[in-house]
Amino acid sequence: MIAGVYQPGNSCFHRATPGLKLAALAIYAVALSVVEQIVLLMGLSALVLVAWQIAGLTWAQLSANLKLLIWILLALFGFQLFVAGFWRAFDTILTLAALVVAAALVSHTTRTDDMLDTLTAAFSPFARFGVKPEDAAFVLVFTVRLVPFVSIVGREAIDARRARGAGRNPVPALVPMVIRLMRETDALSEALVARGFGRT
Amino acid sequence: MSVASQNLDVKALVRCAMFAALIAALGLLPPIPVPIIPVPITAQTLGVMLAGAVLGPRRGALAVIIFLGVVLLGFPLLSGGRGGLGVFFGPSAGFLVGWVAGAFCVGLLAAKSLPRLTAACLVGGIGAVYLVGVPWMALVADISVAQALIASAAFLPGDLVKAVLAAIAARAIQRGYPLGTS
């Protein structure tokens, strides 16, 4: 099973409802983009680091979140330094980094189940378009369960090609892999219908 | 609703979920560094284009939406093991959202011939994705659209290779498992 990014804990962030956290994140995002004064912006950004500490998350987790982003941010910084000057460049990357860290904080402190329930509730107005929220929630969870299965099918397809002496290139293996996945889909959906899924 | 049509509905939905899982599984492969191209390429966009080509426009787009929903929930299924709300706030988040439009356009333009499929993957898998991703990046990163386009150009060679590969794979899948036009 694939684990989510949730980090267990008992801070006030862990105890707050997902809806409250998402609302706070939205307000924080608006505040970051509205604030122009660099000192205020630095204060706002520092706030998210304080929150990170309060939530009991580690600096290693913080750097893991920024690991891939840092290169994009550095490139952006260099670019803006050239066209718009130091402070504007600083402003841009600080805003982006603070936003990403704040959003990561919400994900790290919210159980996947709770997030699913909140999103399901948030999407219930779409029921009138024929999308049942609980079906949508089921499909998301079902998809997570399918990922290891798809990986195994992919590995077998690559192994089968190697056994025929066709090399290790994974792209041609995609073809038998997808065809087998589509075949498995037929059996899977029959099993789901037999268990009452999709009945109105 | 009759049992037969209900079965069809569920089958279509499970196909979408299966493709969403395929996009996720392709992200578990390590990013492939290519000598001449400055950025490593991920195989995930291959899955996005295949979803459009094999499932059609609406279901292909749905498969991508399901995948993004799972990432949003906090499962680290984006290439590089990223997941959660944070990925939707970065400067390149528009490209992820653009995948939905990309899969839709690939499905719309796809037909049962390799040239048509290649055109579909180029227009949908690159054109539509960049159409969302580049202005989004310009907005978030506070740069002009032209500047964002130049910054994204580093990914273009890899994306071109992937579009052609996706078209070839999609044609072979069509031959091996005809899904009809649905």
# chains A, B, ... in the order shown; residues from 1 in each chain; ligands from 1
call {"tool": "interface_residues", "arguments": {"of": "chain B", "to": "chain A", "cutoff": "9 Å", "atoms": "only C-alpha atoms", "output": "PyMOL selection string"}}
result
chain B and resi 1+3+6-15+17-26+28+66-67+69-70+72-77+80+82-92+140-143+151+165-166+169-170+172-173+176-177
call {"tool": "select_by_dssp", "arguments": {"residues": "segment 100-173 of chain A", "states": "alpha helix (DSSP H)", "output": "ChimeraX atom specification"}}
result
/A:100-109,112-122,133-163,170-173
call {"tool": "atom_distance", "arguments": {"atom1": "atom CA of Cys12 of chain A", "atom2": "atom CA of Ile54 of chain A"}}
result
7.9 Å
call {"tool": "residues_around", "arguments": {"residues": "Val134 of chain B", "least_positions_apart": "3", "cutoff": "9 Å", "atoms": "only C-alpha atoms", "output": "list in words"}}
result
Ser92, Gly94, Phe95, Val129, Tyr130, Leu131, Met137, Ala138, Leu139, Val145, Ala146, Ala148, Leu149, Ala151 and Ser152 of chain B
call {"tool": "write_last_selection", "arguments": {"atoms": "C-alpha atoms", "output": "PDB file, in the first residue's frame"}}
result
ATOM      1  CA  SER B  92       4.871  24.677 -12.601  1.00  0.00           C
ATOM      2  CA  GLY B  94      -0.247  24.950 -14.385  1.00  0.00           C
ATOM      3  CA  PHE B  95       1.372  22.173 -16.376  1.00  0.00           C
ATOM      4  CA  VAL B 129      -0.499  21.604 -21.806  1.00  0.00           C
ATOM      5  CA  TYR B 130       1.747  24.613 -22.483  1.00  0.00           C
ATOM      6  CA  LEU B 131      -1.288  26.798 -23.221  1.00  0.00           C
ATOM      7  CA  MET B 137       3.738  30.157 -14.582  1.00  0.00           C
ATOM      8  CA  ALA B 138       3.899  33.767 -15.799  1.00  0.00           C
ATOM      9  CA  LEU B 139       1.160  34.719 -13.351  1.00  0.00           C
ATOM     10  CA  VAL B 145       4.312  35.113 -20.821  1.00  0.00           C
ATOM     11  CA  ALA B 146       7.208  35.316 -23.298  1.00  0.00           C
ATOM     12  CA  ALA B 148       7.759  31.913 -19.081  1.00  0.00           C
ATOM     13  CA  LEU B 149       7.730  30.386 -22.546  1.00  0.00           C
ATOM     14  CA  ALA B 151      11.875  29.094 -19.362  1.00  0.00           C
ATOM     15  CA  SER B 152       9.613  26.204 -20.425  1.00  0.00           C
TER      16      SER B 152
END
call {"tool": "decode", "arguments": {"residues": "segment 152-197 of chain A", "atoms": "N, CA and C atoms", "output": "PDB file, in the first residue's frame"}}
result
ATOM      1  N   ILE A 152       3.236  -3.793 -10.900  1.00  0.00           N
ATOM      2  CA  ILE A 152       3.587  -5.211 -11.071  1.00  0.00           C
ATOM      3  C   ILE A 152       3.389  -5.625 -12.527  1.00  0.00           C
ATOM      4  N   VAL A 153       2.258  -5.221 -13.106  1.00  0.00           N
ATOM      5  CA  VAL A 153       1.993  -5.554 -14.515  1.00  0.00           C
ATOM      6  C   VAL A 153       3.095  -4.960 -15.401  1.00  0.00           C
ATOM      7  N   GLY A 154       3.510  -3.732 -15.085  1.00  0.00           N
ATOM      8  CA  GLY A 154       4.576  -3.086 -15.859  1.00  0.00           C
ATOM      9  C   GLY A 154       5.890  -3.837 -15.745  1.00  0.00           C
ATOM     10  N   ARG A 155       6.221  -4.224 -14.525  1.00  0.00           N
ATOM     11  CA  ARG A 155       7.460  -4.977 -14.307  1.00  0.00           C
ATOM     12  C   ARG A 155       7.448  -6.285 -15.081  1.00  0.00           C
ATOM     13  N   GLU A 156       6.287  -6.971 -15.064  1.00  0.00           N
ATOM     14  CA  GLU A 156       6.175  -8.246 -15.787  1.00  0.00           C
ATOM     15  C   GLU A 156       6.325  -8.047 -17.289  1.00  0.00           C
ATOM     16  N   ALA A 157       5.775  -6.926 -17.784  1.00  0.00           N
ATOM     17  CA  ALA A 157       5.878  -6.652 -19.222  1.00  0.00           C
ATOM     18  C   ALA A 157       7.337  -6.402 -19.613  1.00  0.00           C
ATOM     19  N   ILE A 158       8.072  -5.673 -18.765  1.00  0.00           N
ATOM     20  CA  ILE A 158       9.491  -5.414 -19.045  1.00  0.00           C
ATOM     21  C   ILE A 158      10.278  -6.721 -18.972  1.00  0.00           C
ATOM     22  N   ASP A 159       9.988  -7.544 -17.936  1.00  0.00           N
ATOM     23  CA  ASP A 159      10.679  -8.826 -17.780  1.00  0.00           C
ATOM     24  C   ASP A 159      10.427  -9.736 -18.971  1.00  0.00           C
ATOM     25  N   ALA A 160       9.181  -9.737 -19.465  1.00  0.00           N
ATOM     26  CA  ALA A 160       8.831 -10.598 -20.596  1.00  0.00           C
ATOM     27  C   ALA A 160       9.629 -10.191 -21.829  1.00  0.00           C
ATOM     28  N   ARG A 161       9.789  -8.883 -22.017  1.00  0.00           N
ATOM     29  CA  ARG A 161      10.577  -8.417 -23.158  1.00  0.00           C
ATOM     30  C   ARG A 161      12.041  -8.822 -23.018  1.00  0.00           C
ATOM     31  N   ARG A 162      12.546  -8.723 -21.781  1.00  0.00           N
ATOM     32  CA  ARG A 162      13.949  -9.087 -21.542  1.00  0.00           C
ATOM     33  C   ARG A 162      14.173 -10.569 -21.786  1.00  0.00           C
ATOM     34  N   ALA A 163      13.186 -11.366 -21.357  1.00  0.00           N
ATOM     35  CA  ALA A 163      13.306 -12.817 -21.533  1.00  0.00           C
ATOM     36  C   ALA A 163      13.380 -13.185 -23.019  1.00  0.00           C
ATOM     37  N   ARG A 164      12.762 -12.356 -23.869  1.00  0.00           N
ATOM     38  CA  ARG A 164      12.834 -12.598 -25.314  1.00  0.00           C
ATOM     39  C   ARG A 164      14.061 -11.935 -25.923  1.00  0.00           C
ATOM     40  N   GLY A 165      14.914 -11.358 -25.093  1.00  0.00           N
ATOM     41  CA  GLY A 165      16.128 -10.721 -25.587  1.00  0.00           C
ATOM     42  C   GLY A 165      15.886  -9.380 -26.240  1.00  0.00           C
ATOM     43  N   ALA A 166      14.810  -8.691 -25.827  1.00  0.00           N
ATOM     44  CA  ALA A 166      14.445  -7.442 -26.493  1.00  0.00           C
ATOM     45  C   ALA A 166      14.978  -6.198 -25.781  1.00  0.00           C
ATOM     46  N   GLY A 167      15.807  -6.400 -24.775  1.00  0.00           N
ATOM     47  CA  GLY A 167      16.389  -5.230 -24.114  1.00  0.00           C
ATOM     48  C   GLY A 167      15.520  -4.683 -23.006  1.00  0.00           C
ATOM     49  N   ARG A 168      16.025  -3.618 -22.356  1.00  0.00           N
ATOM     50  CA  ARG A 168      15.386  -3.117 -21.150  1.00  0.00           C
ATOM     51  C   ARG A 168      14.557  -1.868 -21.371  1.00  0.00           C
ATOM     52  N   ASN A 169      14.451  -1.405 -22.601  1.00  0.00           N
ATOM     53  CA  ASN A 169      13.713  -0.174 -22.873  1.00  0.00           C
ATOM     54  C   ASN A 169      12.262  -0.297 -22.405  1.00  0.00           C
ATOM     55  N   PRO A 170      11.821   0.536 -21.475  1.00  0.00           N
ATOM     56  CA  PRO A 170      10.469   0.371 -20.921  1.00  0.00           C
ATOM     57  C   PRO A 170       9.344   0.840 -21.845  1.00  0.00           C
ATOM     58  N   VAL A 171       9.652   1.651 -22.867  1.00  0.00           N
ATOM     59  CA  VAL A 171       8.569   2.226 -23.678  1.00  0.00           C
ATOM     60  C   VAL A 171       7.804   1.177 -24.499  1.00  0.00           C
ATOM     61  N   PRO A 172       8.508   0.254 -25.218  1.00  0.00           N
ATOM     62  CA  PRO A 172       7.735  -0.774 -25.945  1.00  0.00           C
ATOM     63  C   PRO A 172       6.937  -1.662 -24.999  1.00  0.00           C
ATOM     64  N   ALA A 173       7.412  -1.798 -23.764  1.00  0.00           N
ATOM     65  CA  ALA A 173       6.699  -2.629 -22.793  1.00  0.00           C
ATOM     66  C   ALA A 173       5.361  -2.010 -22.410  1.00  0.00           C
ATOM     67  N   LEU A 174       5.212  -0.698 -22.668  1.00  0.00           N
ATOM     68  CA  LEU A 174       3.952  -0.015 -22.358  1.00  0.00           C
ATOM     69  C   LEU A 174       2.775  -0.642 -23.097  1.00  0.00           C
ATOM     70  N   VAL A 175       3.045  -1.107 -24.339  1.00  0.00           N
ATOM     71  CA  VAL A 175       1.944  -1.599 -25.173  1.00  0.00           C
ATOM     72  C   VAL A 175       1.294  -2.853 -24.576  1.00  0.00           C
ATOM     73  N   PRO A 176       2.066  -3.956 -24.364  1.00  0.00           N
ATOM     74  CA  PRO A 176       1.421  -5.108 -23.731  1.00  0.00           C
ATOM     75  C   PRO A 176       0.894  -4.790 -22.335  1.00  0.00           C
ATOM     76  N   MET A 177       1.559  -3.851 -21.651  1.00  0.00           N
ATOM     77  CA  MET A 177       1.136  -3.478 -20.302  1.00  0.00           C
ATOM     78  C   MET A 177      -0.270  -2.872 -20.322  1.00  0.00           C
ATOM     79  N   VAL A 178      -0.481  -1.893 -21.204  1.00  0.00           N
ATOM     80  CA  VAL A 178      -1.793  -1.230 -21.263  1.00  0.00           C
ATOM     81  C   VAL A 178      -2.868  -2.208 -21.722  1.00  0.00           C
ATOM     82  N   ILE A 179      -2.532  -3.069 -22.693  1.00  0.00           N
ATOM     83  CA  ILE A 179      -3.518  -4.028 -23.186  1.00  0.00           C
ATOM     84  C   ILE A 179      -3.943  -4.966 -22.063  1.00  0.00           C
ATOM     85  N   ARG A 180      -2.958  -5.417 -21.261  1.00  0.00           N
ATOM     86  CA  ARG A 180      -3.314  -6.306 -20.157  1.00  0.00           C
ATOM     87  C   ARG A 180      -4.142  -5.566 -19.105  1.00  0.00           C
ATOM     88  N   LEU A 181      -3.785  -4.308 -18.844  1.00  0.00           N
ATOM     89  CA  LEU A 181      -4.549  -3.520 -17.870  1.00  0.00           C
ATOM     90  C   LEU A 181      -6.004  -3.357 -18.303  1.00  0.00           C
ATOM     91  N   MET A 182      -6.201  -3.137 -19.616  1.00  0.00           N
ATOM     92  CA  MET A 182      -7.573  -2.981 -20.109  1.00  0.00           C
ATOM     93  C   MET A 182      -8.360  -4.279 -19.973  1.00  0.00           C
ATOM     94  N   ARG A 183      -7.675  -5.428 -20.172  1.00  0.00           N
ATOM     95  CA  ARG A 183      -8.350  -6.714 -19.999  1.00  0.00           C
ATOM     96  C   ARG A 183      -8.740  -6.915 -18.534  1.00  0.00           C
ATOM     97  N   GLU A 184      -7.804  -6.590 -17.638  1.00  0.00           N
ATOM     98  CA  GLU A 184      -8.069  -6.757 -16.202  1.00  0.00           C
ATOM     99  C   GLU A 184      -9.237  -5.861 -15.772  1.00  0.00           C
ATOM    100  N   THR A 185      -9.353  -4.715 -16.439  1.00  0.00           N
ATOM    101  CA  THR A 185     -10.419  -3.767 -16.109  1.00  0.00           C
ATOM    102  C   THR A 185     -11.798  -4.401 -16.248  1.00  0.00           C
ATOM    103  N   ASP A 186     -11.957  -5.205 -17.302  1.00  0.00           N
ATOM    104  CA  ASP A 186     -13.249  -5.835 -17.533  1.00  0.00           C
ATOM    105  C   ASP A 186     -13.645  -6.721 -16.353  1.00  0.00           C
ATOM    106  N   ALA A 187     -12.694  -7.535 -15.890  1.00  0.00           N
ATOM    107  CA  ALA A 187     -12.977  -8.424 -14.765  1.00  0.00           C
ATOM    108  C   ALA A 187     -13.235  -7.615 -13.493  1.00  0.00           C
ATOM    109  N   LEU A 188     -12.427  -6.565 -13.295  1.00  0.00           N
ATOM    110  CA  LEU A 188     -12.569  -5.735 -12.099  1.00  0.00           C
ATOM    111  C   LEU A 188     -13.935  -5.064 -12.037  1.00  0.00           C
ATOM    112  N   SER A 189     -14.387  -4.529 -13.180  1.00  0.00           N
ATOM    113  CA  SER A 189     -15.660  -3.804 -13.140  1.00  0.00           C
ATOM    114  C   SER A 189     -16.819  -4.767 -12.934  1.00  0.00           C
ATOM    115  N   GLU A 190     -16.688  -6.002 -13.465  1.00  0.00           N
ATOM    116  CA  GLU A 190     -17.724  -6.992 -13.195  1.00  0.00           C
ATOM    117  C   GLU A 190     -17.794  -7.305 -11.704  1.00  0.00           C
ATOM    118  N   ALA A 191     -16.620  -7.419 -11.076  1.00  0.00           N
ATOM    119  CA  ALA A 191     -16.580  -7.699  -9.639  1.00  0.00           C
ATOM    120  C   ALA A 191     -17.213  -6.547  -8.855  1.00  0.00           C
ATOM    121  N   LEU A 192     -16.961  -5.319  -9.303  1.00  0.00           N
ATOM    122  CA  LEU A 192     -17.517  -4.149  -8.603  1.00  0.00           C
ATOM    123  C   LEU A 192     -19.041  -4.108  -8.746  1.00  0.00           C
ATOM    124  N   VAL A 193     -19.532  -4.369  -9.960  1.00  0.00           N
ATOM    125  CA  VAL A 193     -20.978  -4.349 -10.182  1.00  0.00           C
ATOM    126  C   VAL A 193     -21.649  -5.449  -9.355  1.00  0.00           C
ATOM    127  N   ALA A 194     -20.988  -6.622  -9.302  1.00  0.00           N
ATOM    128  CA  ALA A 194     -21.528  -7.736  -8.526  1.00  0.00           C
ATOM    129  C   ALA A 194     -21.630  -7.371  -7.042  1.00  0.00           C
ATOM    130  N   ARG A 195     -20.762  -6.444  -6.594  1.00  0.00           N
ATOM    131  CA  ARG A 195     -20.801  -6.021  -5.194  1.00  0.00           C
ATOM    132  C   ARG A 195     -21.653  -4.776  -4.988  1.00  0.00           C
ATOM    133  N   GLY A 196     -22.388  -4.394  -6.027  1.00  0.00           N
ATOM    134  CA  GLY A 196     -23.374  -3.324  -5.858  1.00  0.00           C
ATOM    135  C   GLY A 196     -22.870  -1.935  -6.172  1.00  0.00           C
ATOM    136  N   PHE A 197     -21.650  -1.801  -6.722  1.00  0.00           N
ATOM    137  CA  PHE A 197     -21.150  -0.463  -7.034  1.00  0.00           C
ATOM    138  C   PHE A 197     -21.875   0.096  -8.254  1.00  0.00           C
TER     139      PHE A 197
END
